[in-house]
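Asker: Here you go, this is run21.txt (compact mmCIF, C-alpha atoms).
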# COMPACT_ATOMS: atom_id res chain seq x y z
CA MET A 91 39.27 15.41 -15.78
CA PHE A 92 36.12 15.01 -13.67
CA THR A 93 35.90 12.34 -10.96
CA CYS A 94 33.00 9.84 -10.81
CA ARG A 95 31.57 11.85 -7.92
CA GLN A 96 31.54 15.00 -10.07
CA ILE A 97 29.89 13.10 -12.94
CA TYR A 98 27.21 11.98 -10.46
CA ASP A 99 26.56 15.63 -9.52
CA LEU A 100 26.64 16.98 -13.09
CA ILE A 101 24.64 14.31 -14.92
CA THR A 102 21.37 16.27 -15.09
CA GLU A 103 23.16 19.48 -16.07
CA TYR A 104 24.82 17.50 -18.88
CA ASP A 105 21.52 16.08 -20.12
CA GLU A 106 19.87 19.50 -19.84
CA GLY A 107 22.58 20.95 -22.05
CA SER A 108 23.62 23.48 -19.42
CA LEU A 109 27.31 22.59 -19.10
CA GLU A 110 29.83 24.91 -20.72
CA THR A 111 31.73 23.51 -23.71
CA GLY A 112 34.87 22.70 -21.68
CA GLU A 113 32.91 20.96 -18.92
CA ARG A 114 30.85 19.09 -21.48
CA ARG A 115 34.01 17.82 -23.15
CA GLN A 116 35.49 16.74 -19.80
CA PHE A 117 32.23 15.00 -18.92
CA GLU A 118 32.20 13.07 -22.19
CA GLN A 119 35.89 12.17 -21.93
CA HIS A 120 35.25 10.66 -18.50
CA VAL A 121 32.14 8.73 -19.50
CA VAL A 122 33.84 7.19 -22.55
CA ILE A 123 36.47 5.51 -20.39
CA CYS A 124 34.38 4.80 -17.26
CA PRO A 125 31.87 1.90 -17.49
CA PRO A 126 30.23 2.59 -14.07
CA CYS A 127 29.52 6.22 -15.00
CA ARG A 128 28.25 5.11 -18.41
CA GLY A 129 25.91 2.69 -16.62
CA PHE A 130 24.80 5.43 -14.24
CA LEU A 131 24.09 7.83 -17.14
CA SER A 132 21.98 5.10 -18.78
CA GLN A 133 20.11 4.55 -15.53
CA MET A 134 19.30 8.25 -15.12
CA ARG A 135 18.07 8.38 -18.71
CA GLY A 136 16.16 5.13 -18.19
CA THR A 137 14.51 6.73 -15.14
CA ARG A 138 13.50 9.80 -17.13
CA ASP A 139 12.15 7.67 -20.01
CA ARG A 140 10.24 5.38 -17.68
CA LEU A 141 8.63 8.39 -15.97
CA GLY A 142 7.53 9.57 -19.42
CA GLN A 143 5.59 6.33 -19.88
CA HIS A 144 3.90 6.55 -16.50
CA SER A 145 0.12 6.84 -16.95
CA PRO A 146 -1.74 9.66 -15.22
CA PRO A 147 -4.30 8.65 -12.59
CA GLU A 148 -7.87 7.92 -13.61
CA PHE A 149 -10.02 11.04 -13.62
CA PRO A 150 -12.95 10.47 -11.24
CA ALA A 151 -16.35 10.62 -13.02
CA GLU A 152 -17.87 12.64 -10.16
CA LEU A 153 -15.13 15.27 -10.51
CA GLU A 154 -15.79 15.53 -14.26
CA ASP A 155 -19.53 15.84 -13.58
CA SER A 156 -19.08 18.61 -11.04
CA ILE A 157 -16.79 20.52 -13.45
CA VAL A 158 -19.36 20.17 -16.26
CA THR A 159 -22.09 21.37 -13.85
CA ALA A 160 -19.95 24.44 -13.16
CA PHE A 161 -19.69 24.94 -16.92
CA ARG A 162 -23.50 24.93 -17.24
CA THR A 163 -23.80 27.53 -14.47
CA TRP A 164 -21.13 29.67 -16.16
CA LYS A 165 -22.97 29.35 -19.50
CA LYS A 166 -26.24 30.54 -17.94
CA GLU A 167 -24.46 33.53 -16.42
CA GLN A 168 -23.04 34.42 -19.83
CA GLN A 169 -26.50 34.58 -21.44
CA MET B 67 -0.65 29.71 -38.45
CA SER B 68 -0.23 25.95 -37.81
CA SER B 69 -3.21 23.60 -38.08
CA LYS B 70 -2.85 22.98 -34.35
CA ALA B 71 -3.15 26.70 -33.61
CA VAL B 72 -6.18 26.96 -35.92
CA GLY B 73 -7.77 23.96 -34.18
CA GLU B 74 -7.12 25.55 -30.83
CA ARG B 75 -8.62 28.88 -31.91
CA GLU B 76 -11.75 27.05 -33.05
CA LEU B 77 -11.87 25.16 -29.76
CA VAL B 78 -11.63 28.39 -27.75
CA ALA B 79 -14.38 29.93 -29.87
CA ARG B 80 -16.60 26.87 -29.23
CA LEU B 81 -15.91 27.04 -25.50
CA ARG B 82 -16.78 30.73 -25.39
CA ALA B 83 -20.00 29.93 -27.25
CA GLY B 84 -20.87 27.44 -24.50
CA ASP B 85 -20.33 24.17 -26.42
CA GLU B 86 -20.60 21.59 -23.62
CA ASP B 87 -19.28 18.66 -25.70
CA ALA B 88 -16.14 20.61 -26.57
CA PHE B 89 -15.69 21.54 -22.89
CA ARG B 90 -16.17 17.96 -21.73
CA ARG B 91 -13.61 16.72 -24.27
CA LEU B 92 -11.10 19.30 -23.02
CA VAL B 93 -11.69 18.24 -19.42
CA GLU B 94 -11.21 14.59 -20.42
CA ASP B 95 -8.06 15.49 -22.35
CA LEU B 96 -6.33 17.68 -19.72
CA GLY B 97 -8.01 16.45 -16.53
CA PRO B 98 -5.85 13.39 -15.75
CA SER B 99 -2.60 15.35 -16.21
CA MET B 100 -3.97 18.24 -14.14
CA LEU B 101 -4.88 15.84 -11.36
CA ARG B 102 -1.39 14.37 -11.41
CA VAL B 103 0.27 17.79 -11.27
CA ALA B 104 -2.10 18.97 -8.51
CA GLY B 105 -1.25 15.77 -6.64
CA ALA B 106 2.44 16.63 -6.86
CA TYR B 107 1.76 19.91 -5.04
CA ALA B 108 -0.83 18.70 -2.58
CA GLN B 109 0.11 15.05 -2.03
CA ASP B 110 -3.48 14.46 -0.94
CA SER B 111 -5.98 13.22 -3.51
CA GLN B 112 -8.95 15.15 -2.09
CA VAL B 113 -7.06 18.44 -2.04
CA ALA B 114 -5.70 17.69 -5.54
CA ALA B 115 -9.27 17.17 -6.84
CA GLU B 116 -10.33 20.49 -5.27
CA ILE B 117 -7.39 22.28 -6.91
CA VAL B 118 -8.43 20.87 -10.31
CA GLN B 119 -12.03 21.98 -9.72
CA GLU B 120 -10.92 25.50 -8.70
CA THR B 121 -8.66 25.66 -11.76
CA TRP B 122 -11.55 24.96 -14.15
CA MET B 123 -13.63 27.69 -12.45
CA ALA B 124 -10.74 30.12 -13.00
CA VAL B 125 -10.34 28.89 -16.60
CA LEU B 126 -14.03 29.66 -17.27
CA ARG B 127 -13.73 33.10 -15.67
CA GLY B 128 -10.62 33.87 -17.72
CA LEU B 129 -11.74 32.34 -21.03
CA GLY B 130 -12.99 35.67 -22.40
CA GLY B 131 -9.57 37.23 -21.95
CA PHE B 132 -7.49 34.28 -23.16
CA GLY B 133 -5.10 35.39 -25.90
CA SER B 134 -3.12 33.10 -28.15
CA ARG B 135 0.30 34.06 -26.78
CA SER B 136 0.55 30.68 -25.08
CA SER B 137 -1.13 27.38 -25.91
CA LEU B 138 -4.39 26.59 -24.18
CA ARG B 139 -2.66 23.74 -22.33
CA THR B 140 0.14 25.99 -21.01
CA TRP B 141 -2.41 28.62 -20.00
CA VAL B 142 -4.53 26.05 -18.11
CA PHE B 143 -1.42 24.66 -16.39
CA THR B 144 -0.31 28.16 -15.38
CA ILE B 145 -3.69 28.71 -13.72
CA LEU B 146 -3.38 25.27 -12.11
CA GLY B 147 0.06 26.21 -10.75
CA ASN B 148 -1.35 29.44 -9.27
CA CYS B 149 -4.31 27.65 -7.67
CA ALA B 150 -2.07 24.90 -6.31
CA SER B 151 0.50 27.34 -4.88
CA ARG B 152 -2.21 29.36 -3.18
CA ARG B 153 -3.92 26.27 -1.85
CA THR B 154 -0.84 24.48 -0.59
CA LYS B 155 1.01 27.65 0.44
CA MET B 156 3.94 26.31 -1.57
CA GLU B 157 5.69 29.49 -2.54
CA ALA B 158 8.28 28.29 -5.02
CA ARG B 159 10.19 31.59 -4.95
CA SER B 160 11.16 30.85 -1.37
CA THR B 161 11.83 27.15 -1.82
CA PRO B 162 13.04 25.81 1.54
CA LEU B 163 16.50 24.23 1.66
CA SER B 164 14.96 20.90 2.62
CA SER B 165 13.46 20.77 -0.89
CA PHE B 166 16.92 20.23 -2.29
CA GLU B 167 17.63 17.14 -0.21
CA VAL B 168 17.36 13.55 -1.34
CA PRO B 169 15.03 11.97 1.21
CA GLY B 170 16.55 8.79 2.59
CA GLY B 171 18.69 8.17 -0.44
CA GLU B 172 21.72 10.37 -0.82
CA LYS B 173 23.63 9.02 2.18
CA ASP B 174 23.57 5.50 0.77
CA GLU B 175 24.36 6.80 -2.69
CA LEU B 176 27.37 8.77 -1.44
CA GLU B 177 28.72 5.66 0.22
CA CYS B 178 29.08 4.21 -3.27
CA PHE B 179 32.13 6.45 -3.75
CA PHE B 180 35.65 6.10 -2.41
CA ASP B 181 36.77 9.00 -0.24
CA ALA B 182 38.14 12.08 -2.02
CA ASN B 183 41.53 11.42 -0.33
CA HIS B 184 41.79 7.77 -1.40
CA PRO B 185 45.35 7.26 -2.78
CA ARG B 186 44.25 5.38 -5.89
CA TRP B 187 40.47 5.57 -6.36
CA ALA B 188 39.67 9.08 -5.07
CA SER B 189 35.96 9.87 -5.66
CA CYS B 190 35.48 6.77 -7.82
CA TRP B 191 32.51 4.39 -7.57
CA THR B 192 33.02 1.54 -5.11
CA THR B 193 30.44 -0.62 -6.87
CA ILE B 194 29.43 -1.08 -10.46
CA ASN B 195 25.76 -0.44 -11.04
CA THR B 196 23.47 -3.08 -12.39
CA ARG B 197 22.26 -2.05 -15.83
CA TRP B 198 18.50 -1.84 -16.09
CA ASP B 199 18.04 1.01 -18.52
CA ALA B 200 16.23 -1.29 -20.96
CA LEU B 201 12.60 -1.99 -20.11
CA PRO B 202 12.21 -5.35 -18.43
CA GLU B 203 10.12 -7.91 -20.32
CA ASP B 204 8.82 -9.25 -17.06
CA SER B 205 5.45 -7.58 -16.45
CA LEU B 206 5.66 -8.23 -12.70
CA SER B 207 8.75 -6.08 -12.30
CA ALA B 208 7.19 -3.47 -14.61
CA ARG B 209 4.20 -3.32 -12.25
CA GLU B 210 6.51 -3.14 -9.25
CA ALA B 211 8.39 -0.31 -10.92
CA GLU B 212 5.12 1.62 -11.45
CA GLN B 213 4.29 1.14 -7.77
CA ALA B 214 7.78 2.23 -6.70
CA ILE B 215 7.46 5.40 -8.81
CA VAL B 216 4.05 6.27 -7.34
CA GLU B 217 5.28 5.78 -3.78
CA LYS B 218 8.53 7.66 -4.27
CA LEU B 219 6.76 10.60 -5.94
CA LYS B 220 4.53 10.90 -2.88
CA SER B 221 7.49 10.93 -0.51
CA LEU B 222 9.52 13.62 -2.33
CA PRO B 223 9.54 17.20 -1.03
CA PRO B 224 6.69 19.05 -2.87
CA SER B 225 9.05 21.24 -4.96
CA GLN B 226 10.94 18.19 -6.25
CA SER B 227 7.73 16.32 -6.88
CA ALA B 228 6.21 19.27 -8.78
CA VAL B 229 9.33 19.74 -10.94
CA ILE B 230 9.76 16.08 -11.88
CA THR B 231 6.03 15.62 -12.51
CA LEU B 232 5.90 18.60 -14.84
CA ARG B 233 9.18 17.81 -16.60
CA ASP B 234 9.40 14.03 -16.85
CA LEU B 235 5.80 12.85 -16.48
CA GLU B 236 4.05 15.67 -18.34
CA GLY B 237 6.87 16.54 -20.71
CA LEU B 238 6.87 20.33 -20.17
CA SER B 239 10.01 22.24 -21.16
CA SER B 240 12.38 23.64 -18.56
CA ASP B 241 11.32 27.20 -19.54
CA GLU B 242 7.67 26.33 -18.97
CA VAL B 243 8.39 24.73 -15.59
CA CYS B 244 10.56 27.65 -14.40
CA SER B 245 7.84 30.10 -15.34
CA LEU B 246 5.07 27.98 -13.80
CA LEU B 247 6.85 27.42 -10.50
CA GLY B 248 8.72 30.73 -10.37
CA LEU B 249 12.09 28.97 -10.22
CA SER B 250 15.48 29.95 -11.62
CA HIS B 251 16.85 27.51 -14.21
CA GLY B 252 19.63 26.53 -11.78
CA ASN B 253 17.22 25.70 -8.95
CA GLN B 254 14.93 23.84 -11.31
CA ARG B 255 17.86 21.68 -12.46
CA VAL B 256 18.92 20.91 -8.88
CA LEU B 257 15.37 19.90 -7.91
CA LEU B 258 15.06 17.76 -11.06
CA HIS B 259 18.44 16.13 -10.39
CA ARG B 260 17.57 15.32 -6.77
CA ALA B 261 14.17 13.94 -7.75
CA ARG B 262 15.58 11.77 -10.57
CA LEU B 263 18.27 10.43 -8.21
CA ALA B 264 15.59 9.46 -5.68
CA ILE B 265 13.40 7.75 -8.30
CA ARG B 266 16.42 6.03 -9.87
CA ARG B 267 17.31 4.66 -6.48
CA ALA B 268 13.73 3.43 -5.88
CA LEU B 269 13.77 1.71 -9.29
CA GLN B 270 17.16 0.17 -8.64
CA GLU B 271 15.75 -1.44 -5.52
CA VAL B 272 13.04 -3.04 -7.67
CA PHE B 273 15.39 -4.31 -10.37
CA ASP B 274 18.38 -5.38 -8.28
Write out the structure in this file as structure tokens.
Answerer:
Amino acid sequence: MFTCRQIYDLITEYDEGSLETGERRQFEQHVVICPPCRGFLSQMRGTRDRLGQHSPPEFPAELEDSIVTAFRTWKKEQQ
Amino acid sequence: MSSKAVGERELVARLRAGDEDAFRRLVEDLGPSMLRVAGAYAQDSQVAAEIVQETWMAVLRGLGGFGSRSSLRTWVFTILGNCASRRTKMEARSTPLSSFEVPGGEKDELECFFDANHPRWASCWTTINTRWDALPEDSLSAREAEQAIVEKLKSLPPSQSAVITLRDLEGLSSDEVCSLLGLSHGNQRVLLHRARLAIRRALQEVFD
């Protein structure tokens, strides 16, 4: 069975679905009986989920204006 | 064809016809994410803004030849990746070894394990982690967490920052990210793992 240290190294591979069946089974067998590794798995998933809620930065109005100006130039060139 | 694909085909037709409102809406829709991804490559807001600007120029030049093999969003992000790589000289295919390190975090993390030769607890955790996977109700710690994420993202090696931004912040698939950054699936997973470990650690410091 995997050690906690191995679980720590394999956690992303597990969540990405890239472990082979035997490794996946060993991983799950370890996590079922190991509260710290279960907590760590939750934390890594919590990290991923929290990043998914992170808002992108505000888009500066002057940047948008300069991109739209470029669009107008492009449009003229097309005609 | 899905309604989304039909909508996108109409949008592309409007853009080609020079519909400024449609273009502005697309810039408003994709712009913030593009700026975030460019920031992950460049780690300098001025350079990131220039990369976004260059990307839109390239999008306009390429619009006539855009096919529907990929979605408009994926196509724009591919161009963004090319512009950003060129601009920042970050050649993902020759990712330096330092990109795979955990900056200032792994040493402490590894000390959380008993030695591999320990007679009873070989390679086991020495401490039990605090659980904070649920979102805290306290808005102060939520704000602190946001700040910790922003700061940690800036301090990651560019390859890690680009991978985690595309995967976890923008929600792209691993196939899309590998193709965008020219990474193997294995390397992409290692970079994602390292980056998540670093962010997890930064968040733990906020919540502990």
Asker: Compute the chain A side of the contact with chain B at 9 Å, counting all atoms listed in the file, and hand it back as a short mmCIF file (atom, residue, chain, number, x, y, z; two decimals) with C-alpha atoms, in the coordinates of the input.
Answerer:
data_model
loop_
_atom_site.label_atom_id
_atom_site.label_comp_id
_atom_site.auth_asym_id
_atom_site.auth_seq_id
_atom_site.Cartn_x
_atom_site.Cartn_y
_atom_site.Cartn_z
CA THR A 93 35.90 12.34 -10.96
CA CYS A 94 33.00 9.84 -10.81
CA ARG A 95 31.57 11.85 -7.92
CA GLN A 96 31.54 15.00 -10.07
CA ASP A 99 26.56 15.63 -9.52
CA LEU A 100 26.64 16.98 -13.09
CA ILE A 101 24.64 14.31 -14.92
CA THR A 102 21.37 16.27 -15.09
CA GLU A 103 23.16 19.48 -16.07
CA GLU A 106 19.87 19.50 -19.84
CA PRO A 125 31.87 1.90 -17.49
CA PRO A 126 30.23 2.59 -14.07
CA CYS A 127 29.52 6.22 -15.00
CA GLY A 129 25.91 2.69 -16.62
CA PHE A 130 24.80 5.43 -14.24
CA SER A 132 21.98 5.10 -18.78
CA GLN A 133 20.11 4.55 -15.53
CA MET A 134 19.30 8.25 -15.12
CA ARG A 135 18.07 8.38 -18.71
CA GLY A 136 16.16 5.13 -18.19
CA THR A 137 14.51 6.73 -15.14
CA ARG A 138 13.50 9.80 -17.13
CA ASP A 139 12.15 7.67 -20.01
CA ARG A 140 10.24 5.38 -17.68
CA LEU A 141 8.63 8.39 -15.97
CA GLY A 142 7.53 9.57 -19.42
CA GLN A 143 5.59 6.33 -19.88
CA HIS A 144 3.90 6.55 -16.50
CA SER A 145 0.12 6.84 -16.95
CA PRO A 146 -1.74 9.66 -15.22
CA PRO A 147 -4.30 8.65 -12.59
CA GLU A 148 -7.87 7.92 -13.61
CA PHE A 149 -10.02 11.04 -13.62
CA PRO A 150 -12.95 10.47 -11.24
CA LEU A 153 -15.13 15.27 -10.51
CA GLU A 154 -15.79 15.53 -14.26
CA SER A 156 -19.08 18.61 -11.04
CA ILE A 157 -16.79 20.52 -13.45
CA VAL A 158 -19.36 20.17 -16.26
CA ALA A 160 -19.95 24.44 -13.16
CA PHE A 161 -19.69 24.94 -16.92
CA ARG A 162 -23.50 24.93 -17.24
CA TRP A 164 -21.13 29.67 -16.16
CA LYS A 165 -22.97 29.35 -19.50
CA GLN A 168 -23.04 34.42 -19.83
#
Asker: What does the structure give for the distance between CA of Gly147 (chain B) and CA of Asp241 (chain B), in Å to one decimal?
Answerer: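 Atom-to-atom, CA of Gly147 (chain B) and CA of Asp241 (chain B) are spaced 14.3 Å apart.
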Asker: To one decimal place in Å, what is the distance between CA of Thr140 (chain B) and CA of Leu92 (chain B)?
Answerer: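 That distance, rounded to one decimal, is 13.2 Å.
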Asker: In Å, with one decimal, what is the gap from CA of Tyr104 (chain A) to CA of Val121 (chain A)?
Answerer: 11.4 Å
